[in-house]
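> Dropping a structure here in structure tokens format, bear with me for questions.
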Amino acid sequence: MSKDRGNGHLYMPRLARVIRIADETYDTKTFTLRFVDEESQQQFSFRSGQFVEVSVFGAGEAPFGLASNPNRKEDFDITVRAVGRVTRALHERKVGDVIGVRGPLGNYFPFEEVFGYDILIVGGGIGLPPLRSLIEPMLDARDKFGRIIILYGARTPQDRVYKHLLSEWEKRTDIEFLQTVDVGDSTWTGHVGVVTTLFDKITVDPARTVAFTCGPPIMIKFVIQDLLAMGFDPDHIISTLERYMKCGVGKCGHCAINHKYVCTDGPVFSFRQMQAFREPL
Ligand SMILES: Cc1cc2nc3c(=O)[nH]c(=O)nc-3n(C[C@H](O)[C@H](O)[C@H](O)COP(=O)(O)OP(=O)(O)OC[C@H]3O[C@@H](n4cnc5c(N)ncnc54)[C@H](O)[C@@H]3O)c2cc1C
Ligand code: FES
């Protein structure tokens, strides 16, 4: 989980074109982006867990986790829920429009360090996108890992992102994938209950498993609580933290938690590291 200030000038966004837009839910879209300058695209490389600061000109700038497979070099994805000024302006962009991108920024999920371990991934709602950028390279290097168990929870069936990908994961025999919704509907025949209720449906050996989680703070809190009760070592629980950010590069202090900056020391932390903060979640 080392630091990375990103390539390019600290505060200068590079122009990127929207080349594809996918509707995920009523308020969430995935934008596939490619730098206008071909060389910038060729040189752009990131690790799972990193984020970018995206400028929608005239509206402002906001951070988003990189959501695509880092092994994919021709373009990259962000998945964005429309909640305010920047995100709504982004949702109004069309294919062909140009926006600004700074990054990649922040640290990243351990990858090579967890070779040989069983992997347990727990995602909630819009927390799945950064985990997708971890899951896909893990599936590319499937023989490097033990079991891969993926649990995903969303508020309703319609709130699930990447529905097509979830169907593909359900069919795979080399991973264990379970999904749930808090509230079902007439189309839903699957599990109903918060994501932690899926823990009853799996068996894991905490001594040989590393857990990764991303989602709303309340979900992360209960997931961590249950993982600890199952016997997980705090070093083997890896999560992301979300804080209001401005600069994204450790200069403005907006994202500080005690002596750490979420933008440069994180957004990925082990629970052991979070325990050292007085206000972890
Ligand atoms: C490292 C990092 C990675 C992130 N990755 C993603 C991502 O992949 N996809 C994504 O959609 N978002 C992501 N976010 C959150 C995203 O940056 C914010 O939602 C965004 O900054 C909101 O900007 P805005 O100008 O549209 O909203 P604002 O105008 O700033 O806020 C409008 C209103 O929405 C509320 N609000 C703001 N953010 C949220 C939120 N996240 N959830 C609920 N209410 C909120 C505010 O309190 C305010 O009331 C990430 C944040 C961080 C720090
Ligand atoms: S966002 Fe400026 S220091 Fe982290």
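Letters A, B, ... mark the chains of the structure tokens in the order given; residue numbers begin at 1 per chain; ligand numbers begin at 1, in order shown.
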May I have all residues of region 161-264 of chain A that DSSP, computed from the backbone, assigns to strand (DSSP E), given as JSON, numbers by chain?
{"A": [176, 177, 178, 179, 180, 181, 191, 192, 209, 210, 211, 212, 213, 214, 237, 238, 239, 240, 256, 257, 260, 261]}
> May I have the selected residues written with C-alpha atoms, as a PDB file, in the first residue's frame?

```pdb
ATOM      1  CA  GLU A 176     -17.834 -18.165  -5.053  1.00  0.00           C
ATOM      2  CA  PHE A 177     -20.170 -15.240  -5.674  1.00  0.00           C
ATOM      3  CA  LEU A 178     -23.202 -14.399  -3.527  1.00  0.00           C
ATOM      4  CA  GLN A 179     -25.395 -11.340  -3.727  1.00  0.00           C
ATOM      5  CA  THR A 180     -28.173  -9.924  -1.590  1.00  0.00           C
ATOM      6  CA  VAL A 181     -30.543  -6.968  -1.429  1.00  0.00           C
ATOM      7  CA  HIS A 191     -31.222 -13.648  -0.855  1.00  0.00           C
ATOM      8  CA  VAL A 192     -32.723 -10.733   1.089  1.00  0.00           C
ATOM      9  CA  THR A 209      -7.786 -15.350   4.157  1.00  0.00           C
ATOM     10  CA  VAL A 210      -7.399 -11.646   3.387  1.00  0.00           C
ATOM     11  CA  ALA A 211     -10.639  -9.637   3.332  1.00  0.00           C
ATOM     12  CA  PHE A 212     -11.226  -6.530   1.226  1.00  0.00           C
ATOM     13  CA  THR A 213     -14.250  -4.329   1.773  1.00  0.00           C
ATOM     14  CA  CYS A 214     -15.666  -1.119   0.313  1.00  0.00           C
ATOM     15  CA  ILE A 237      -8.862  -6.667   6.829  1.00  0.00           C
ATOM     16  CA  ILE A 238      -8.359  -4.069   4.108  1.00  0.00           C
ATOM     17  CA  SER A 239     -10.833  -1.258   3.508  1.00  0.00           C
ATOM     18  CA  THR A 240     -11.120   2.088   1.812  1.00  0.00           C
ATOM     19  CA  ALA A 256      -6.968  14.726   7.368  1.00  0.00           C
ATOM     20  CA  ILE A 257      -7.768  12.156  10.049  1.00  0.00           C
ATOM     21  CA  LYS A 260      -2.949  10.942   8.203  1.00  0.00           C
ATOM     22  CA  TYR A 261      -4.213  12.298   4.873  1.00  0.00           C
TER      23      TYR A 261
END
```
> Determine, counting only C-alpha atoms, which protein, DNA and RNA residues have an atom within 7 Å of an atom of region 96-102 of chain A; residues of the same chain fewer than 4 positions away are not included. Present the result as a PyMOL selection string.
chain A and resi 12-19+52-57
> Those residues you just picked out, can you put them in a file as a PDB file, in the first residue's frame with C-alpha atoms?

```
ATOM      1  CA  MET A  12      -3.182  20.411 -13.847  1.00  0.00           C
ATOM      2  CA  PRO A  13      -5.886  18.128 -15.229  1.00  0.00           C
ATOM      3  CA  ARG A  14      -5.291  16.378 -18.513  1.00  0.00           C
ATOM      4  CA  LEU A  15      -8.110  16.313 -21.059  1.00  0.00           C
ATOM      5  CA  ALA A  16      -9.984  13.030 -21.383  1.00  0.00           C
ATOM      6  CA  ARG A  17     -12.826  12.179 -23.743  1.00  0.00           C
ATOM      7  CA  VAL A  18     -15.954  10.287 -22.712  1.00  0.00           C
ATOM      8  CA  ILE A  19     -16.000   7.346 -25.098  1.00  0.00           C
ATOM      9  CA  VAL A  52      -8.688  10.232 -10.001  1.00  0.00           C
ATOM     10  CA  GLU A  53      -9.815  13.829  -9.498  1.00  0.00           C
ATOM     11  CA  VAL A  54     -12.265  14.624 -12.287  1.00  0.00           C
ATOM     12  CA  SER A  55     -13.045  18.189 -13.443  1.00  0.00           C
ATOM     13  CA  VAL A  56     -16.315  18.956 -15.118  1.00  0.00           C
ATOM     14  CA  PHE A  57     -15.469  22.369 -16.528  1.00  0.00           C
TER      15      PHE A  57
END
```
> At a cut-off of 7 Å and counting only C-alpha atoms and all ligand atoms, what residues surround ligand 1? Please answer as a list in words.
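Sorted by chain and then by number, the residues are Phe51, Gly60, Ala62, Pro63, Phe64, Gly65, Leu66, Ala67, Ile78, Thr79, Val80, Arg81, Ala82, Val83, Gly84, Arg85, Val86, Thr87, Arg88, Ile126, Pro129, Pro130, Glu242, Arg243, Tyr244, Met245, Cys263 and Pro267 of chain A.
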> Keeping N, CA and C atoms, export the residues of the selection given above as a PDB file, in the first residue's frame.

```pdb
ATOM      1  N   PHE A  51      -7.494   6.450  -7.142  1.00  0.00           N
ATOM      2  CA  PHE A  51      -8.600   7.275  -7.621  1.00  0.00           C
ATOM      3  C   PHE A  51      -8.101   8.379  -8.530  1.00  0.00           C
ATOM      4  N   GLY A  60     -16.868  22.032 -11.358  1.00  0.00           N
ATOM      5  CA  GLY A  60     -15.938  21.744 -10.263  1.00  0.00           C
ATOM      6  C   GLY A  60     -15.238  20.413 -10.440  1.00  0.00           C
ATOM      7  N   ALA A  62     -14.147  16.530  -8.466  1.00  0.00           N
ATOM      8  CA  ALA A  62     -14.474  15.576  -7.396  1.00  0.00           C
ATOM      9  C   ALA A  62     -13.679  14.284  -7.614  1.00  0.00           C
ATOM     10  N   PRO A  63     -13.395  13.570  -6.513  1.00  0.00           N
ATOM     11  CA  PRO A  63     -12.631  12.315  -6.635  1.00  0.00           C
ATOM     12  C   PRO A  63     -13.525  11.112  -6.932  1.00  0.00           C
ATOM     13  N   PHE A  64     -13.030  10.204  -7.755  1.00  0.00           N
ATOM     14  CA  PHE A  64     -13.747   8.949  -8.051  1.00  0.00           C
ATOM     15  C   PHE A  64     -12.747   7.805  -8.131  1.00  0.00           C
ATOM     16  N   GLY A  65     -13.111   6.664  -7.560  1.00  0.00           N
ATOM     17  CA  GLY A  65     -12.264   5.484  -7.626  1.00  0.00           C
ATOM     18  C   GLY A  65     -12.172   4.975  -9.054  1.00  0.00           C
ATOM     19  N   LEU A  66     -10.994   4.507  -9.440  1.00  0.00           N
ATOM     20  CA  LEU A  66     -10.855   3.901 -10.769  1.00  0.00           C
ATOM     21  C   LEU A  66     -11.530   2.529 -10.710  1.00  0.00           C
ATOM     22  N   ALA A  67     -12.410   2.262 -11.671  1.00  0.00           N
ATOM     23  CA  ALA A  67     -13.290   1.101 -11.561  1.00  0.00           C
ATOM     24  C   ALA A  67     -12.950  -0.021 -12.532  1.00  0.00           C
ATOM     25  N   ILE A  78     -14.838   5.129 -14.664  1.00  0.00           N
ATOM     26  CA  ILE A  78     -15.265   5.554 -13.332  1.00  0.00           C
ATOM     27  C   ILE A  78     -16.778   5.324 -13.268  1.00  0.00           C
ATOM     28  N   THR A  79     -17.283   4.953 -12.110  1.00  0.00           N
ATOM     29  CA  THR A  79     -18.720   4.734 -11.935  1.00  0.00           C
ATOM     30  C   THR A  79     -19.202   5.755 -10.913  1.00  0.00           C
ATOM     31  N   VAL A  80     -20.165   6.573 -11.308  1.00  0.00           N
ATOM     32  CA  VAL A  80     -20.477   7.774 -10.540  1.00  0.00           C
ATOM     33  C   VAL A  80     -21.967   7.855 -10.195  1.00  0.00           C
ATOM     34  N   ARG A  81     -22.244   8.059  -8.915  1.00  0.00           N
ATOM     35  CA  ARG A  81     -23.628   8.304  -8.479  1.00  0.00           C
ATOM     36  C   ARG A  81     -23.865   9.805  -8.445  1.00  0.00           C
ATOM     37  N   ALA A  82     -24.965  10.265  -9.047  1.00  0.00           N
ATOM     38  CA  ALA A  82     -25.275  11.699  -9.076  1.00  0.00           C
ATOM     39  C   ALA A  82     -25.827  12.119  -7.724  1.00  0.00           C
ATOM     40  N   VAL A  83     -25.034  12.881  -6.966  1.00  0.00           N
ATOM     41  CA  VAL A  83     -25.484  13.339  -5.644  1.00  0.00           C
ATOM     42  C   VAL A  83     -25.446  14.861  -5.514  1.00  0.00           C
ATOM     43  N   GLY A  84     -24.668  15.541  -6.335  1.00  0.00           N
ATOM     44  CA  GLY A  84     -24.517  16.990  -6.156  1.00  0.00           C
ATOM     45  C   GLY A  84     -24.047  17.669  -7.420  1.00  0.00           C
ATOM     46  N   ARG A  85     -23.394  18.805  -7.220  1.00  0.00           N
ATOM     47  CA  ARG A  85     -23.064  19.702  -8.330  1.00  0.00           C
ATOM     48  C   ARG A  85     -22.197  19.029  -9.405  1.00  0.00           C
ATOM     49  N   VAL A  86     -21.050  18.488  -8.986  1.00  0.00           N
ATOM     50  CA  VAL A  86     -20.110  17.939  -9.974  1.00  0.00           C
ATOM     51  C   VAL A  86     -20.674  16.654 -10.586  1.00  0.00           C
ATOM     52  N   THR A  87     -21.203  15.809  -9.726  1.00  0.00           N
ATOM     53  CA  THR A  87     -21.666  14.498 -10.222  1.00  0.00           C
ATOM     54  C   THR A  87     -22.873  14.670 -11.148  1.00  0.00           C
ATOM     55  N   ARG A  88     -23.748  15.635 -10.852  1.00  0.00           N
ATOM     56  CA  ARG A  88     -24.900  15.854 -11.750  1.00  0.00           C
ATOM     57  C   ARG A  88     -24.438  16.420 -13.083  1.00  0.00           C
ATOM     58  N   ILE A 126     -22.413   1.274  -4.190  1.00  0.00           N
ATOM     59  CA  ILE A 126     -21.454   1.939  -5.079  1.00  0.00           C
ATOM     60  C   ILE A 126     -20.013   1.668  -4.637  1.00  0.00           C
ATOM     61  N   PRO A 129     -17.452  -0.633  -7.438  1.00  0.00           N
ATOM     62  CA  PRO A 129     -16.518  -0.227  -8.504  1.00  0.00           C
ATOM     63  C   PRO A 129     -15.032  -0.334  -8.167  1.00  0.00           C
ATOM     64  N   PRO A 130     -14.535   0.219  -7.041  1.00  0.00           N
ATOM     65  CA  PRO A 130     -13.097   0.039  -6.790  1.00  0.00           C
ATOM     66  C   PRO A 130     -12.712  -1.421  -6.580  1.00  0.00           C
ATOM     67  N   GLU A 242     -13.531   7.031   2.856  1.00  0.00           N
ATOM     68  CA  GLU A 242     -13.932   8.152   2.007  1.00  0.00           C
ATOM     69  C   GLU A 242     -13.992   9.404   2.860  1.00  0.00           C
ATOM     70  N   ARG A 243     -13.307  10.444   2.462  1.00  0.00           N
ATOM     71  CA  ARG A 243     -13.356  11.723   3.166  1.00  0.00           C
ATOM     72  C   ARG A 243     -13.502  12.828   2.146  1.00  0.00           C
ATOM     73  N   TYR A 244     -14.083  13.957   2.556  1.00  0.00           N
ATOM     74  CA  TYR A 244     -14.145  15.086   1.635  1.00  0.00           C
ATOM     75  C   TYR A 244     -12.735  15.469   1.236  1.00  0.00           C
ATOM     76  N   MET A 245     -12.524  15.572  -0.054  1.00  0.00           N
ATOM     77  CA  MET A 245     -11.188  15.895  -0.553  1.00  0.00           C
ATOM     78  C   MET A 245     -11.251  17.127  -1.426  1.00  0.00           C
ATOM     79  N   CYS A 263      -6.058  11.172   1.253  1.00  0.00           N
ATOM     80  CA  CYS A 263      -5.741  11.230  -0.186  1.00  0.00           C
ATOM     81  C   CYS A 263      -4.366  10.673  -0.523  1.00  0.00           C
ATOM     82  N   PRO A 267      -6.541   6.019  -0.194  1.00  0.00           N
ATOM     83  CA  PRO A 267      -7.737   5.693   0.603  1.00  0.00           C
ATOM     84  C   PRO A 267      -7.774   4.259   1.136  1.00  0.00           C
TER      85      PRO A 267
END
```
> Given a cut-off of 7 Å, what residues near ligand 2 show up using only C-alpha atoms and all ligand atoms, put as a list in words?
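If we count only C-alpha atoms and all ligand atoms, the neighbours of ligand 2 turn out to be Met245, Lys246, Cys247, Gly248, Val249, Gly250, Lys251, Cys252, Gly253, His254, Cys255, Ala256, Tyr261, Val262, Cys263 and Thr264 of chain A.
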> Using only all heavy atoms, please write the residues we just selected to a file, as an mmCIF file, in the first residue's frame.

```cif
data_model
loop_
_atom_site.group_PDB
_atom_site.id
_atom_site.type_symbol
_atom_site.label_atom_id
_atom_site.label_comp_id
_atom_site.auth_asym_id
_atom_site.auth_seq_id
_atom_site.Cartn_x
_atom_site.Cartn_y
_atom_site.Cartn_z
ATOM 1 N N MET A 245 -12.524 15.572 -0.054
ATOM 2 C CA MET A 245 -11.188 15.895 -0.553
ATOM 3 C C MET A 245 -11.251 17.127 -1.426
ATOM 4 O O MET A 245 -12.282 17.404 -2.038
ATOM 5 C CB MET A 245 -10.671 14.735 -1.400
ATOM 6 C CG MET A 245 -10.288 13.533 -0.597
ATOM 7 S SD MET A 245 -9.544 12.325 -1.686
ATOM 8 C CE MET A 245 -9.376 10.976 -0.535
ATOM 9 N N LYS A 246 -10.151 17.825 -1.505
ATOM 10 C CA LYS A 246 -10.060 18.931 -2.460
ATOM 11 C C LYS A 246 -8.865 18.702 -3.372
ATOM 12 O O LYS A 246 -9.002 18.367 -4.522
ATOM 13 C CB LYS A 246 -9.959 20.268 -1.729
ATOM 14 C CG LYS A 246 -11.291 20.753 -1.175
ATOM 15 C CD LYS A 246 -11.389 22.273 -1.256
ATOM 16 C CE LYS A 246 -12.727 22.799 -0.755
ATOM 17 N NZ LYS A 246 -13.866 22.385 -1.558
ATOM 18 N N CYS A 247 -7.628 18.846 -2.794
ATOM 19 C CA CYS A 247 -6.454 18.777 -3.673
ATOM 20 C C CYS A 247 -6.157 17.345 -4.128
ATOM 21 O O CYS A 247 -5.710 17.129 -5.243
ATOM 22 C CB CYS A 247 -5.248 19.405 -2.979
ATOM 23 S SG CYS A 247 -4.612 18.404 -1.619
ATOM 24 N N GLY A 248 -6.371 16.375 -3.255
ATOM 25 C CA GLY A 248 -6.084 14.978 -3.599
ATOM 26 C C GLY A 248 -4.609 14.614 -3.534
ATOM 27 O O GLY A 248 -4.234 13.483 -3.824
ATOM 28 N N VAL A 249 -3.766 15.596 -3.171
ATOM 29 C CA VAL A 249 -2.317 15.341 -3.223
ATOM 30 C C VAL A 249 -1.591 15.738 -1.934
ATOM 31 O O VAL A 249 -0.396 16.050 -1.950
ATOM 32 C CB VAL A 249 -1.667 16.046 -4.442
ATOM 33 C CG1 VAL A 249 -2.085 15.384 -5.742
ATOM 34 C CG2 VAL A 249 -2.020 17.540 -4.472
ATOM 35 N N GLY A 250 -2.340 15.779 -0.813
ATOM 36 C CA GLY A 250 -1.679 15.999 0.471
ATOM 37 C C GLY A 250 -1.275 17.426 0.760
ATOM 38 O O GLY A 250 -0.373 17.666 1.555
ATOM 39 N N LYS A 251 -1.934 18.407 0.117
ATOM 40 C CA LYS A 251 -1.529 19.813 0.312
ATOM 41 C C LYS A 251 -2.549 20.633 1.106
ATOM 42 O O LYS A 251 -2.173 21.545 1.827
ATOM 43 C CB LYS A 251 -1.335 20.511 -1.061
ATOM 44 C CG LYS A 251 -0.290 19.872 -1.950
ATOM 45 C CD LYS A 251 1.096 20.107 -1.420
ATOM 46 C CE LYS A 251 2.126 19.495 -2.347
ATOM 47 N NZ LYS A 251 3.399 19.276 -1.669
ATOM 48 N N CYS A 252 -3.847 20.354 0.960
ATOM 49 C CA CYS A 252 -4.850 21.276 1.508
ATOM 50 C C CYS A 252 -5.309 20.901 2.921
ATOM 51 O O CYS A 252 -5.854 21.733 3.642
ATOM 52 C CB CYS A 252 -6.058 21.358 0.584
ATOM 53 S SG CYS A 252 -7.086 19.867 0.598
ATOM 54 N N GLY A 253 -5.146 19.672 3.310
ATOM 55 C CA GLY A 253 -5.518 19.232 4.651
ATOM 56 C C GLY A 253 -6.987 18.862 4.825
ATOM 57 O O GLY A 253 -7.396 18.468 5.912
ATOM 58 N N HIS A 254 -7.805 18.961 3.769
ATOM 59 C CA HIS A 254 -9.243 18.685 3.904
ATOM 60 C C HIS A 254 -9.568 17.257 4.337
ATOM 61 O O HIS A 254 -10.586 17.024 4.955
ATOM 62 C CB HIS A 254 -9.951 18.946 2.560
ATOM 63 C CG HIS A 254 -10.527 20.313 2.483
ATOM 64 N ND1 HIS A 254 -9.774 21.407 2.128
ATOM 65 C CD2 HIS A 254 -11.768 20.782 2.748
ATOM 66 C CE1 HIS A 254 -10.533 22.470 2.172
ATOM 67 N NE2 HIS A 254 -11.744 22.128 2.544
ATOM 68 N N CYS A 255 -8.716 16.322 3.956
ATOM 69 C CA CYS A 255 -9.060 14.912 4.177
ATOM 70 C C CYS A 255 -8.350 14.340 5.410
ATOM 71 O O CYS A 255 -8.316 13.121 5.572
ATOM 72 C CB CYS A 255 -8.658 14.099 2.942
ATOM 73 S SG CYS A 255 -6.884 14.074 2.742
ATOM 74 N N ALA A 256 -7.799 15.218 6.255
ATOM 75 C CA ALA A 256 -6.968 14.726 7.368
ATOM 76 C C ALA A 256 -7.781 13.960 8.408
ATOM 77 O O ALA A 256 -8.892 14.354 8.752
ATOM 78 C CB ALA A 256 -6.256 15.900 8.023
ATOM 79 N N TYR A 261 -3.397 11.740 5.946
ATOM 80 C CA TYR A 261 -4.213 12.298 4.873
ATOM 81 C C TYR A 261 -4.789 11.126 4.088
ATOM 82 O O TYR A 261 -4.036 10.291 3.563
ATOM 83 C CB TYR A 261 -3.362 13.152 3.928
ATOM 84 C CG TYR A 261 -2.938 14.487 4.496
ATOM 85 C CD1 TYR A 261 -1.797 15.120 4.044
ATOM 86 C CD2 TYR A 261 -3.709 15.130 5.472
ATOM 87 C CE1 TYR A 261 -1.403 16.350 4.553
ATOM 88 C CE2 TYR A 261 -3.328 16.352 5.990
ATOM 89 C CZ TYR A 261 -2.173 16.960 5.529
ATOM 90 O OH TYR A 261 -1.791 18.166 6.034
ATOM 91 N N VAL A 262 -6.134 11.094 3.997
ATOM 92 C CA VAL A 262 -6.761 9.976 3.285
ATOM 93 C C VAL A 262 -6.338 9.970 1.810
ATOM 94 O O VAL A 262 -6.207 8.927 1.191
ATOM 95 C CB VAL A 262 -8.307 10.020 3.429
ATOM 96 C CG1 VAL A 262 -8.970 8.929 2.596
ATOM 97 C CG2 VAL A 262 -8.698 9.865 4.897
ATOM 98 N N CYS A 263 -6.058 11.172 1.253
ATOM 99 C CA CYS A 263 -5.741 11.230 -0.186
ATOM 100 C C CYS A 263 -4.366 10.673 -0.523
ATOM 101 O O CYS A 263 -4.154 10.226 -1.651
ATOM 102 C CB CYS A 263 -5.886 12.650 -0.714
ATOM 103 S SG CYS A 263 -4.688 13.816 -0.069
ATOM 104 N N THR A 264 -3.415 10.733 0.405
ATOM 105 C CA THR A 264 -2.073 10.245 0.069
ATOM 106 C C THR A 264 -1.674 9.015 0.894
ATOM 107 O O THR A 264 -1.049 8.097 0.382
ATOM 108 C CB THR A 264 -1.011 11.354 0.251
ATOM 109 O OG1 THR A 264 -1.203 11.958 1.525
ATOM 110 C CG2 THR A 264 -1.107 12.397 -0.837
#
```
> Can you list, as a list in words, every protein, DNA or RNA residue that comes within 12 Å of Leu139 (chain A) when you count only C-alpha atoms, leaving out same-chain residues fewer than 2 positions away?
Asn69, Asn71, Phe111, Ile119, Arg132, Ser133, Leu134, Ile135, Glu136, Pro137, Ala141, Arg142, Asp143, Lys144, Phe145, Gly146, Arg147, Ile148, Ile149, Ile150, Trp169, Arg172, Thr173, Asp174 and Ile175 of chain A
> Could you tell me how far CA of Glu39 (chain A) lies from CA of Asp75 (chain A), in Å and to one decimal?
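So the two atoms, CA of Glu39 (chain A) and CA of Asp75 (chain A), lie 12.3 Å apart.
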> Between A:Pro206, A:Gly116, A:Gly124, A:Pro70, which residue has the minimum interatomic distance to His236 (chain A), considering only C-alpha atoms?
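Among A:Pro206, A:Gly116, A:Gly124, A:Pro70, it is A:Pro206 that comes nearest to His236 (chain A).
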> Distance CA of Leu128 (chain A)-CA of Glu112 (chain A), one decimal place?
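Rounded to one decimal, the two atoms are 20.8 Å apart.
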> Counting only C-alpha atoms, which of A:Phe76, A:Tyr162, A:Tyr152, A:Phe31 gets nearest to Phe199 (chain A)?
A:Tyr152
> Between CA of Arg34 (chain A) and CA of Glu74 (chain A), measure the distance and give it in Å to one decimal.
7.1 Å
